[in-house]
Amino acid sequence: MSDKARTSNPAFRDPADEGFATKVALLLLSLAFLIFFLFLPLLSVFVEAFREGWGAYYEALAEPDAAAAIRLTLLVAAIAVPLNLVFGLCASWAIAKFEFKGKAFLITLIDLPFSISPVISGLVYVLLFGSGSLLGPLLKSWGIEILFAVPGIVLATVFVTFPFVARELIPLMQDQGSGDEEAALSLGASGWQTFRFVTLPNIKWGLLYGVLLCNARAMGEFGAVSVVSGRIRGLTNTMPLHVEILYNEYNMVAAFAVASLLALLALVTLALKTLLELRFGAGNAGGRH
Amino acid sequence: MTQTATASPAKWRLKQPSIIPGFGLTLGFSLAYLSLIILIPVAGLLWRTAELGWSGFFSVFADRRTLDALYISFGTAFLAALVNVVFGTILAWVLTRYNFPGRQLVDAMVDLPFALPTAVAGIALASLYAPNGWIGSLFMPFRIAFTPLGIVIALVFIGLPFVVRTVQPIMEEIDREVEEAAATLGANRFQTILRVILPGLTPAILTGFALAFARGVGEYGSVIFIAGNIPYVSEIAPLLIVIRLEEFNYAGATAIATIMLLISFLMLLVINLIQAWSRRRYGNV
């Protein structure tokens, strides 16, 4: 039945469609749900942040501890995202271009961090490098601090953001098959040339999509990082941890000011993600992020 | 690795032959990185648990506070996943079937919980649902924040996209002709939805439920601000792990973590079984 027939006769009610009243009711219910659970929380972050005006907002962000937290968050993301990017490229190349034993199991293992509580992701490193472990005291005697220092924060962040790039690239590269690469190789391209000039252009939007999600999580991770950080102000405090400290000190304006930067990051991520999906059909947001 | 494969071509081989280079390098790097970042640390956790022994392991669960924390985590995650199944399915329906101004914006908004850092969601929800907050004040004297209900609110926020994004693609693939056939055979709209559409969506809905539930059980950042964290009442298991760590009670923290980890693996298995079952039955998901 064409859409024209559905709408041209006002008395006609499509039997394979809900009535107008039902539609409006379901729509309003959905919107009310979204307003209470998504929109108002987001709005409240910005309202609370600007409660005392631009001056107080700016002051909260320019304060040395906040600035240190912002720098640390950027540093951690700048290390964790490229590491997981390289891993994502390697894993998806091996998985999508070759048939080998144990592939399904490998994919399951890559997904593992998604099903582990962030707190446990931090805990595993505390057990590995903590005072009761074998490695911790040894590294300490060499003057290397992992726990309650930047390396621990980076490791915990790498753990929780581990699957993001691989997760986007594996299905994409599996769909594309390896015909293009085989053609390039048969025409005399080297392996690196094939990757650089054939594969990379094919996967660039999916890659960007994965990096975007990986970065958002890396900058926003709280649970895992809070376990390994020790929360030393100005030294091992990332932005989300700084938000927690300020909030627990009832310094609401400052807490929400720092939080508003993270919320802004989330909005930019969502906007770019939507754009990528509309323009290039990259990813479909799968249910596992 | 490629060498061993070519050495015994007739018998067992790791990989099928291919002219594409880089298998050894990429798989080798992937496995090394996976082992260093994920496998060795997680194995360390299991090793520590094994060191506790059975009696040490179970003595942790003789503690009323631990049992209550696990009960609260799993109970609230279950309730929140139920709420998300109902509203998430309705929302997915509205987004796939109805055309209204701003639909694309609403669709993009659904992913907000994926993108918004959990600590930000936590303080926003806490201030919103607190007794003096915008929403909390509407419901006074009934308290939402700082009770187990507050935990459910935070977990509904966190879990919503899991249900919507799992159900939505399957809904988009439903053939309108099936509904028209049901209607011509005399089914009313309600019967069509209940008996024709819903059965096909069941695997996706169950998967969405399991994903939202699994995420909810382990969630920390968005919950601790709104929960009030009262032992025996609104203290979640991940928070208790953090508390045990701060007390340097590594055995206690490890035992709780292992139980949670085992249950997450069980959930993962259940999700895979649902998907295998639905592939056999419906050939999708």
# chains A, B, ... in the order shown; residues from 1 in each chain; ligands from 1
call {"tool": "interface_residues", "arguments": {"of": "chain B", "to": "chain A", "cutoff": "7 Å", "atoms": "only C-alpha atoms", "output": "number ranges by chain"}}
result
B: 14-16, 20-21, 23, 26-27, 30, 37-38, 41-42, 44-45, 90-91, 94, 108, 114-121, 124-125, 128, 157, 162, 165-166, 179-180, 183, 189, 214-215, 218-221, 238, 242, 257, 261, 264
call {"tool": "residues_around", "arguments": {"residues": "segment 95-104 of chain B", "least_positions_apart": "6", "cutoff": "8 Å", "atoms": "only C-alpha atoms", "output": "compact mmCIF listing (two decimals) with N, CA, C and O atoms, in the first residue's frame"}}
result
# COMPACT_ATOMS: atom_id res chain seq x y z
N LYS A 23 -0.76 6.88 18.86
CA LYS A 23 0.53 7.41 18.43
C LYS A 23 0.96 8.59 19.27
O LYS A 23 2.10 8.64 19.74
N GLN B 168 16.14 -1.44 18.07
CA GLN B 168 15.85 -0.58 16.91
C GLN B 168 16.20 -1.20 15.55
O GLN B 168 15.36 -1.21 14.66
N MET B 171 13.69 -3.80 14.62
CA MET B 171 12.39 -3.22 14.30
C MET B 171 12.36 -2.66 12.89
O MET B 171 11.37 -2.78 12.18
N GLU B 172 13.50 -2.05 12.49
CA GLU B 172 13.56 -1.44 11.16
C GLU B 172 13.40 -2.49 10.07
O GLU B 172 12.98 -2.18 8.97
call {"tool": "atom_distance", "arguments": {"atom1": "atom CA of Pro203 of chain B", "atom2": "atom CA of Ile174 of chain B"}}
result
13.8 Å
call {"tool": "atom_distance", "arguments": {"atom1": "atom CA of Thr254 of chain B", "atom2": "atom CA of Ser55 of chain B"}}
result
14.0 Å
call {"tool": "closest_residue", "arguments": {"among": "B:Met109, B:Val60, B:Leu34, B:Leu70", "to": "Ala237 of chain B", "atoms": "only C-alpha atoms"}}
result
B:Leu70
